[in-house]
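K.L.:
Pasting a structure below so you can have a look.
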There are 4 protein chains.
Amino acid sequence: MQLADLRAAVYEANMELSRRRLVTYTWGNASGIDRASGIFAIKPSGVAYEDLSPESLVLIDLDGRVVEGTLNPSSDTKTHLELYRAFTDIGGVVHTHSPYATAWAQAAEDIPCLGTTHADTFRGAIPCARDLTPAELAEDYEGNTGRVIVETFRERSLDPRHLPAVLCAHHGPFTWGCDAAQAAVHAVILEEVARMALLTRQVNPAASPAPQALQDTHFLRKHGPHATYGQR
Amino acid sequence: MQLADLRAAVYEANMELSRRRLVTYTWGNASGIDRASGIFAIKPSGVAYEDLSPESLVLIDLDGRVVEGTLNPSSDTKTHLELYRAFTDIGGVVHTHSPYATAWAQAAEDIPCLGTTHADTFRGAIPCARDLTPAELAEDYEGNTGRVIVETFRERSLDPRHLPAVLCAHHGPFTWGCDAAQAAVHAVILEEVARMALLTRQVNPAASPAPQALQDTHFLRKHGPHATYGQR
Amino acid sequence: MQLADLRAAVYEANMELSRRRLVTYTWGNASGIDRASGIFAIKPSGVAYEDLSPESLVLIDLDGRVVEGTLNPSSDTKTHLELYRAFTDIGGVVHTHSPYATAWAQAAEDIPCLGTTHADTFRGAIPCARDLTPAELAEDYEGNTGRVIVETFRERSLDPRHLPAVLCAHHGPFTWGCDAAQAAVHAVILEEVARMALLTRQVNPAASPAPQALQDTHFLRKHGPHATYGQR
Amino acid sequence: MQLADLRAAVYEANMELSRRRLVTYTWGNASGIDRASGIFAIKPSGVAYEDLSPESLVLIDLDGRVVEGTLNPSSDTKTHLELYRAFTDIGGVVHTHSPYATAWAQAAEDIPCLGTTHADTFRGAIPCARDLTPAELAEDYEGNTGRVIVETFRERSLDPRHLPAVLCAHHGPFTWGCDAAQAAVHAVILEEVARMALLTRQVNPAASPAPQALQDTHFLRKHGPHATYGQR
């Protein structure tokens with residue numbers, strides 16, 4: 001992949017967050033990586049979406065060094081970096097403060113899989129990663145945020161390819177995908193799923209997860225070698 | 001009806017779902033049938049609404065065979081098929097994951113008739129069909145989804161002409177009507193009714209259904225030989 | 001007032017309901033009266049807002065007879081008529097199924113005055129009128145809806161000039177004002193107030209009404225001989 | 001600062017409230033002060049946002065006298081005046097009835113700091129100022145509203161530079177900032193934060209505040225001498 005193509009794709013993913021109204025002002029950021037060169041492009045810090053351009057993105061290598069760009073990269077850059085290092089199959093990462101996903105994060109609860117809308121994209125509950133310790137906060141807040149996400153997936157034996165989203169307690173969601181565009185799609189769907197899950201609990205506080213067989217049927221209708229959904 | 005007219009009408013019904021914001025990305029689908037030929041047109045699977053055209057719709061006969069079209073039909077096609085077979089008066093079917101109707105489906109609860117907004121269009125509570133068994137899921141998920149809807153109406157002695165909507169537990173709503181356009185209108189009204197019912201419960205968790213006589217007055221003001229609503 | 005001016009003003013009030021998203025499809029209606037001639041203009045029944053024109057409105061006299069117009073008037077015409085007869089100071093009436101006001105109506109609860117947003121426009125709780133009896137429903141549903149509204153104001157000693165809104169149990173809101181435009185403004189504010197009241201209860205289910213002195217200060221800042229709000 | 005520049009900036013801040021949908025009709029107002037001359041510009045009372053212009057703003061001095069302008073200033077002018085007098089570092093003030101912030105005000109509750117979205121802008125819970133006494137209401141409602149806000153900050157030892165927002169019980173929010181534009185930004189963020197806090201409680205009524213160290217990390221990432229956020 002040309003780095004110009006990477007810039008264009010990551011720019012588009014950032015703008016999609018704005019168009020889908022997942023972000024307010026300068027909140028949120030999308031990145032995408034070129035695995036061949038080990039370089040990722042990310043939104044600069046504190047820049048309004050309407051002022052963004054492919055050229056204003058910052059290029060970073062997997063050691064966290066700025067390779068190209070005059071602006072400061074997103075303050076969440078080290079979280080993206082940890083995810084790219086640990087989840088070697090992913091090609092894009094998105095962070096937002098979208099309100100429903102953030103509400104579940106602030107409540108420090110997993111989002112249970114209550115129906116097929118969730119199961120079509122996410123295999124099982126969206127995990128909520130634990131709070132960082134004061135020492136983790138003081139030492140390397142953004143890097144440790146990424147490490148705690150990775151720890152959550154490892155400890156719970158979750159596969160990031162089948163569950164491309166996480167909540168960070170008292171903070172907000174991160175999503176990922178095969179590229180920046182898919183990470184943004186997952187951020188949009190996560191927000192829908194988070195909203196529906198809250199509405200479902202409001203209809204019935206004791207609502208139970210969808211039957212496991214239904215969850216499996218829907219996930220496998222869209223993913224893996226036996227998928228039938230779409231035009232393939 | 002010319003099949004070109006059917007295509008145009010079903011295309012419009014699909015776009016209405018998008019315009020009324022009932023669908024996200026490629027979710028949802030509308031179909032319409034020409035009863036004379038026994039052929040229905042349905043949205044292709046996984047195609048974005050902005051890429052849809054009347055020509056891209058898939059034509060299916062009542063044996064479930066593709067009659068015209070190069071794209072795969074909606075993954076929910078067999079559910080539509082079962083509804084056309086069992087509910088012989090209907091001419092259109094719509095499926096969405098609209099958030100409020102889906103929340104009631106995920107809670108696996110009927111939507112009670114709490115007021116005239118509901119009673120104007122739906123005679124009685126919107127039923128929530130049961131979960132499929134693992135065997136039903138494994139054997140023919142989409143076909144059995146339709147069969148369980150039909151079973152629900154039969155067991156509860158409901159008339160699909162007076163109650164053109166159903167919730168599928170842990171999944172979402174289906175609606176129908178005399179044609180695809182009316183099925184889409186019913187999907188929009190169902191979402192409004194589902195939203196109002198949840199808000200009503202939030203005002204008063206013990207809110208009771210509207211008096212039966214009021215429900216009857218409103219439904220019959222708009223339907224049947226003594227209807228007075230509108231320009232007739 | 002010229003009847004052409006009345007038509008234009010009532011047309012505008014109807015379109016305002018649509019622009020402010022208080023109505024879905026053909027739901028809702030606005031009317032306005034010329035007190036000199038005793039004639040009011042009202043939306044025709046079941047006509048979409050985008051198909052409305054000043055000329056399509058129906059003119060009715062205070063005996064309920066169609067004076068001008070070829071379309072059927074709104075099915076709620078007799079409710080408007082009863083309000084014009086009993087509340088002789090009002091010049092416009094609006095009915096909607098706006099979701100938050102309808103939720104309170106469906107819950108059959110008054111909307112308490114929880115803050116200054118409410119008190120600026122409505123003096124005291126918005127009353128919820130009782131359900132009609134089956135006999136009242138069978139005899140003259142729409143006329144009796146108006147009579148029960150009037151009964152509610154009489155029995156509770158409420159002044160319709162200071163409280164230009166009511167909820168009809170299991171149905172929805174009616175608002176009024178000095179003309180059709182003001183009745184529409186009151187419908188918009190009622191919906192905002194109904195929404196804020198529900199949100200307030202969700203923050204604190206035991207939230208108490210605003211202090212009476214604060215309610216009075218705000219209402220009288222905007223209404224009556226000592227009003228100071230605005231440019232007068 | 002030229003007064004023409006002040007007018008232009010305050011006009012823009014008022015229009016931002018309208019664009020961001022924080023206000024309905026003529027509700028809400030923004031002001032900004034030129035500290036050198038001690039003159040502030042404020043929205044005129046009861047004027048619709050679409051009819052506003054820089055020239056229509058009213059100029060007031062810190063004794064509360066109209067310096068320029070033919071229209072009546074906002075009915076909340078004396079509240080702005082008290083804030084400018086007591087909080088000598090601020091350059092702009094905004095008042096709205098935005099629904100979620102108003103719901104917390106109507107519930108007479110502080111908005112707890114439940115996550116980083118809140119902590120990025122506001123250091124600690126948003127305080128809810130007490131109801132005015134009947135005597136305070138009768139004597140000088142708007143001025144005393146400002147005095148009770150100042151009292152709240154003094155009694156709780158809060159720093160208005162780090163907590164640029166307050167709720168007035170049974171009324172609504174005021175925000176401020178270094179200028180009118182920043183006060184408007186704070187009004188937008190307050191509404192988001194108020195909404196997320198309610199949603200969080202709906203997910204988990206016992207949700208606890210974000211850990212203090214996380215709150216500090218986020219606030220100090222954006223504010224003060226060690227801030228790293230953005231392009232500086």
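Chain identifiers are assigned as A, B, and so on, following the order in which chains appear in the structure tokens; residues are numbered from 1 within each chain, and ligands are numbered from 1 in order of appearance.
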List the spatial neighbours of A:Ser37 as JSON, numbers by chain - criterion: any atom at most 10 Å away, only C-alpha atoms, same-chain residues fewer than 3 positions off excluded.

P.N.:
{"A": [1, 2, 3, 33, 34, 40, 61, 62]}

K.L.:
Taking only C-alpha atoms into account, which residues of chain A are within 8 Å of chain B, as a tab-separated table (two decimals) with all heavy atoms, in the first residue's frame?

P.N.:
chain	number	residue	atom	x	y	z
A	114	LEU	N	-27.79	-9.28	23.41
A	114	LEU	CA	-29.23	-9.46	23.63
A	114	LEU	C	-29.99	-9.81	22.37
A	114	LEU	O	-31.19	-10.06	22.43
A	114	LEU	CB	-29.80	-8.19	24.26
A	114	LEU	CG	-29.23	-7.84	25.64
A	114	LEU	CD1	-29.77	-6.49	26.12
A	114	LEU	CD2	-29.57	-8.92	26.66
A	115	GLY	N	-29.30	-9.80	21.21
A	115	GLY	CA	-30.06	-10.09	20.00
A	115	GLY	C	-29.16	-10.21	18.78
A	115	GLY	O	-27.92	-10.12	18.87
A	116	THR	N	-29.80	-10.39	17.63
A	116	THR	CA	-29.07	-10.68	16.40
A	116	THR	C	-28.33	-9.46	15.87
A	116	THR	O	-27.33	-9.61	15.16
A	116	THR	CB	-30.03	-11.19	15.32
A	116	THR	OG1	-31.00	-10.17	15.05
A	116	THR	CG2	-30.73	-12.46	15.76
A	117	THR	N	-28.80	-8.24	16.19
A	117	THR	CA	-28.08	-7.05	15.73
A	117	THR	C	-26.66	-7.06	16.29
A	117	THR	O	-25.70	-6.72	15.59
A	117	THR	CB	-28.81	-5.77	16.21
A	117	THR	OG1	-30.21	-5.92	15.99
A	117	THR	CG2	-28.30	-4.55	15.49
A	192	GLU	N	-24.98	1.57	18.03
A	192	GLU	CA	-26.35	1.07	17.85
A	192	GLU	C	-26.65	-0.05	18.83
A	192	GLU	O	-27.72	-0.11	19.44
A	192	GLU	CB	-26.52	0.52	16.42
A	192	GLU	CG	-26.92	1.53	15.39
A	192	GLU	CD	-28.30	2.09	15.62
A	192	GLU	OE1	-29.29	1.36	15.46
A	192	GLU	OE2	-28.35	3.27	16.00
A	195	ARG	N	-26.98	1.18	22.38
A	195	ARG	CA	-28.27	1.85	22.55
A	195	ARG	C	-29.40	0.84	22.69
A	195	ARG	O	-30.23	0.92	23.59
A	195	ARG	CB	-28.52	2.76	21.34
A	195	ARG	CG	-29.79	3.57	21.45
A	195	ARG	CD	-29.96	4.42	20.20
A	195	ARG	NE	-31.21	5.14	20.23
A	195	ARG	CZ	-31.91	5.43	19.15
A	195	ARG	NH1	-31.48	5.10	17.96
A	195	ARG	NH2	-33.06	6.07	19.26
A	196	MET	N	-29.44	-0.13	21.79
A	196	MET	CA	-30.49	-1.16	21.84
A	196	MET	C	-30.43	-1.95	23.14
A	196	MET	O	-31.46	-2.36	23.67
A	196	MET	CB	-30.33	-2.12	20.67
A	196	MET	CG	-30.81	-1.57	19.35
A	196	MET	SD	-30.61	-2.86	18.08
A	196	MET	CE	-30.99	-1.89	16.62
A	197	ALA	N	-29.22	-2.21	23.63
A	197	ALA	CA	-29.09	-3.00	24.87
A	197	ALA	C	-29.67	-2.22	26.05
A	197	ALA	O	-30.36	-2.79	26.90
A	197	ALA	CB	-27.63	-3.35	25.12
A	199	LEU	N	-32.01	0.18	25.82
A	199	LEU	CA	-33.47	0.22	25.61
A	199	LEU	C	-34.11	-1.11	26.02
A	199	LEU	O	-35.19	-1.14	26.61
A	199	LEU	CB	-33.79	0.53	24.15
A	199	LEU	CG	-33.39	1.90	23.63
A	199	LEU	CD1	-33.70	2.02	22.14
A	199	LEU	CD2	-34.08	3.02	24.39
A	200	THR	N	-33.43	-2.21	25.71
A	200	THR	CA	-33.96	-3.53	26.04
A	200	THR	C	-34.09	-3.68	27.55
A	200	THR	O	-35.11	-4.16	28.06
A	200	THR	CB	-33.03	-4.62	25.48
A	200	THR	OG1	-32.93	-4.44	24.07
A	200	THR	CG2	-33.56	-6.01	25.79
A	201	ARG	N	-33.07	-3.25	28.26
A	201	ARG	CA	-33.13	-3.32	29.72
A	201	ARG	C	-34.22	-2.43	30.28
A	201	ARG	O	-34.78	-2.70	31.34
A	201	ARG	CB	-31.80	-2.85	30.30
A	201	ARG	CG	-30.74	-3.86	30.24
A	201	ARG	CD	-29.98	-3.80	31.55
A	201	ARG	NE	-28.83	-4.67	31.52
A	201	ARG	CZ	-27.74	-4.47	32.25
A	201	ARG	NH1	-27.67	-3.42	33.06
A	201	ARG	NH2	-26.76	-5.31	32.19
A	202	GLN	N	-34.49	-1.34	29.59
A	202	GLN	CA	-35.55	-0.45	30.06
A	202	GLN	C	-36.92	-1.09	29.84
A	202	GLN	O	-37.83	-0.90	30.63
A	202	GLN	CB	-35.45	0.90	29.36
A	202	GLN	CG	-34.19	1.67	29.82
A	202	GLN	CD	-33.96	2.96	29.11
A	202	GLN	OE1	-34.37	3.13	27.97
A	202	GLN	NE2	-33.29	3.89	29.77
A	203	VAL	N	-37.07	-1.85	28.76
A	203	VAL	CA	-38.32	-2.61	28.57
A	203	VAL	C	-38.42	-3.70	29.64
A	203	VAL	O	-39.47	-3.89	30.25
A	203	VAL	CB	-38.38	-3.24	27.16
A	203	VAL	CG1	-39.58	-4.17	27.04
A	203	VAL	CG2	-38.43	-2.17	26.08
A	204	ASN	N	-37.32	-4.38	29.86
A	204	ASN	CA	-37.32	-5.50	30.80
A	204	ASN	C	-35.96	-5.61	31.48
A	204	ASN	O	-35.01	-6.13	30.90
A	204	ASN	CB	-37.64	-6.81	30.07
A	204	ASN	CG	-37.66	-8.00	31.02
A	204	ASN	OD1	-37.45	-7.85	32.23
A	204	ASN	ND2	-37.90	-9.18	30.47
A	207	ALA	N	-34.03	-8.80	31.13
A	207	ALA	CA	-33.89	-9.39	29.79
A	207	ALA	C	-32.63	-10.27	29.74
A	207	ALA	O	-31.56	-9.86	30.19
A	207	ALA	CB	-33.79	-8.29	28.74
A	208	SER	N	-32.77	-11.45	29.15
A	208	SER	CA	-31.64	-12.39	29.11
A	208	SER	C	-30.98	-12.35	27.74
A	208	SER	O	-31.57	-11.93	26.74
A	208	SER	CB	-32.14	-13.78	29.43
A	208	SER	OG	-33.22	-14.11	28.59
A	209	PRO	N	-29.71	-12.76	27.67
A	209	PRO	CA	-29.01	-12.79	26.39
A	209	PRO	C	-29.76	-13.65	25.36
A	209	PRO	O	-30.56	-14.53	25.72
A	209	PRO	CB	-27.66	-13.42	26.75
A	209	PRO	CG	-27.47	-13.12	28.19
A	209	PRO	CD	-28.84	-13.15	28.80
A	210	ALA	N	-29.50	-13.39	24.11
A	210	ALA	CA	-30.06	-14.22	23.04
A	210	ALA	C	-29.55	-15.65	23.21
A	210	ALA	O	-28.41	-15.86	23.66
A	210	ALA	CB	-29.64	-13.66	21.69
A	211	PRO	N	-30.37	-16.64	22.86
A	211	PRO	CA	-29.91	-18.03	22.93
A	211	PRO	C	-28.59	-18.20	22.18
A	211	PRO	O	-28.40	-17.61	21.11
A	211	PRO	CB	-31.04	-18.80	22.23
A	211	PRO	CG	-32.24	-17.93	22.37
A	211	PRO	CD	-31.74	-16.52	22.35
A	213	ALA	N	-27.37	-20.56	20.42
A	213	ALA	CA	-27.47	-21.09	19.06
A	213	ALA	C	-27.88	-20.00	18.07
A	213	ALA	O	-27.43	-20.00	16.91
A	213	ALA	CB	-28.48	-22.26	19.02
A	214	LEU	N	-28.74	-19.07	18.50
A	214	LEU	CA	-29.13	-17.95	17.63
A	214	LEU	C	-27.94	-17.02	17.40
A	214	LEU	O	-27.69	-16.57	16.28
A	214	LEU	CB	-30.30	-17.19	18.26
A	214	LEU	CG	-30.79	-15.97	17.46
A	214	LEU	CD1	-31.36	-16.38	16.10
A	214	LEU	CD2	-31.86	-15.19	18.24
A	217	THR	N	-25.67	-18.80	14.92
A	217	THR	CA	-26.24	-18.80	13.57
A	217	THR	C	-26.00	-17.46	12.90
A	217	THR	O	-25.57	-17.39	11.75
A	217	THR	CB	-27.76	-19.09	13.64
A	217	THR	OG1	-27.95	-20.40	14.18
A	217	THR	CG2	-28.40	-19.00	12.26
A	228	THR	N	-23.09	-16.87	4.37
A	228	THR	CA	-23.98	-16.79	3.21
A	228	THR	C	-24.45	-15.37	2.95
A	228	THR	O	-25.05	-15.09	1.92
A	228	THR	CB	-25.23	-17.66	3.43
A	228	THR	OG1	-25.87	-17.22	4.65
A	228	THR	CG2	-24.86	-19.13	3.58
A	229	TYR	N	-24.20	-14.47	3.90
A	229	TYR	CA	-24.69	-13.10	3.78
A	229	TYR	C	-23.94	-12.34	2.70
A	229	TYR	O	-22.74	-12.49	2.54
A	229	TYR	CB	-24.53	-12.38	5.13
A	229	TYR	CG	-25.12	-10.99	5.15
A	229	TYR	CD1	-26.45	-10.79	5.51
A	229	TYR	CD2	-24.34	-9.89	4.82
A	229	TYR	CE1	-26.99	-9.51	5.54
A	229	TYR	CE2	-24.88	-8.61	4.84
A	229	TYR	CZ	-26.20	-8.43	5.20
A	229	TYR	OH	-26.73	-7.16	5.23
A	230	GLY	N	-24.66	-11.49	1.99
A	230	GLY	CA	-24.02	-10.57	1.04
A	230	GLY	C	-23.75	-11.22	-0.31
A	230	GLY	O	-24.31	-12.28	-0.64
A	231	GLN	N	-22.91	-10.55	-1.10
A	231	GLN	CA	-22.61	-10.97	-2.47
A	231	GLN	C	-21.20	-11.53	-2.50
A	231	GLN	O	-20.24	-10.78	-2.50
A	231	GLN	CB	-22.74	-9.78	-3.42
A	231	GLN	CG	-24.07	-9.04	-3.32
A	231	GLN	CD	-25.27	-9.91	-3.65
A	231	GLN	OE1	-25.16	-10.83	-4.47
A	231	GLN	NE2	-26.41	-9.66	-3.01

K.L.:
Which value, in Å to one decimal, gives the distance between atom CA of B:Trp176 and atom CA of B:Val94?

P.N.:
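Calculated distance between atom CA of B:Trp176 and atom CA of B:Val94 is 6.0 Å.
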
K.L.:
To one decimal in Å, tell me the separation between atom CA of C:Glu16 and atom CA of C:Ala184.

P.N.:
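Taking atom CA of C:Glu16 and atom CA of C:Ala184, their separation equals 7.0 Å.
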
K.L.:
Show which residues sit within 7 Å of C:Leu81, as a list in words. Count only C-alpha atoms, and ignore same-chain residues fewer than 4 positions away.

P.N.:
Leu62, Gly64, Thr77 and Arg85 of chain C

K.L.:
Let me see the file: selected residues, C-alpha atoms, as an mmCIF file, in the first residue's frame.

P.N.:
data_model
loop_
_atom_site.group_PDB
_atom_site.id
_atom_site.type_symbol
_atom_site.label_atom_id
_atom_site.label_comp_id
_atom_site.auth_asym_id
_atom_site.auth_seq_id
_atom_site.Cartn_x
_atom_site.Cartn_y
_atom_site.Cartn_z
ATOM 1 C CA LEU C 62 -69.538 27.118 14.977
ATOM 2 C CA GLY C 64 -70.054 22.369 12.755
ATOM 3 C CA THR C 77 -62.937 18.596 13.924
ATOM 4 C CA ARG C 85 -67.304 27.089 21.798
#

K.L.:
Based on DSSP run over this structure's backbone, return all residues of stretch 51-210 of chain D in strand (DSSP E), as an NGL selection string.

P.N.:
:D and (58-61 or 66-68 or 92-95 or 128-129 or 165-168 or 172-177)

K.L.:
Contacts of A:Leu158 at 12 Å or less, counting only C-alpha atoms, minus same-chain residues fewer than 6 places along, as a PyMOL selection string?

P.N.:
chain A and resi 87+122-127+149-152+164-166

K.L.:
From the DSSP assignment of the backbone, select every residue of stretch 27-134 of chain A that is helix (DSSP H, G or I), and format the answer as a PyMOL selection string.

P.N.:
chain A and resi 49-51+54-56+77-86+99-106+116-119+134
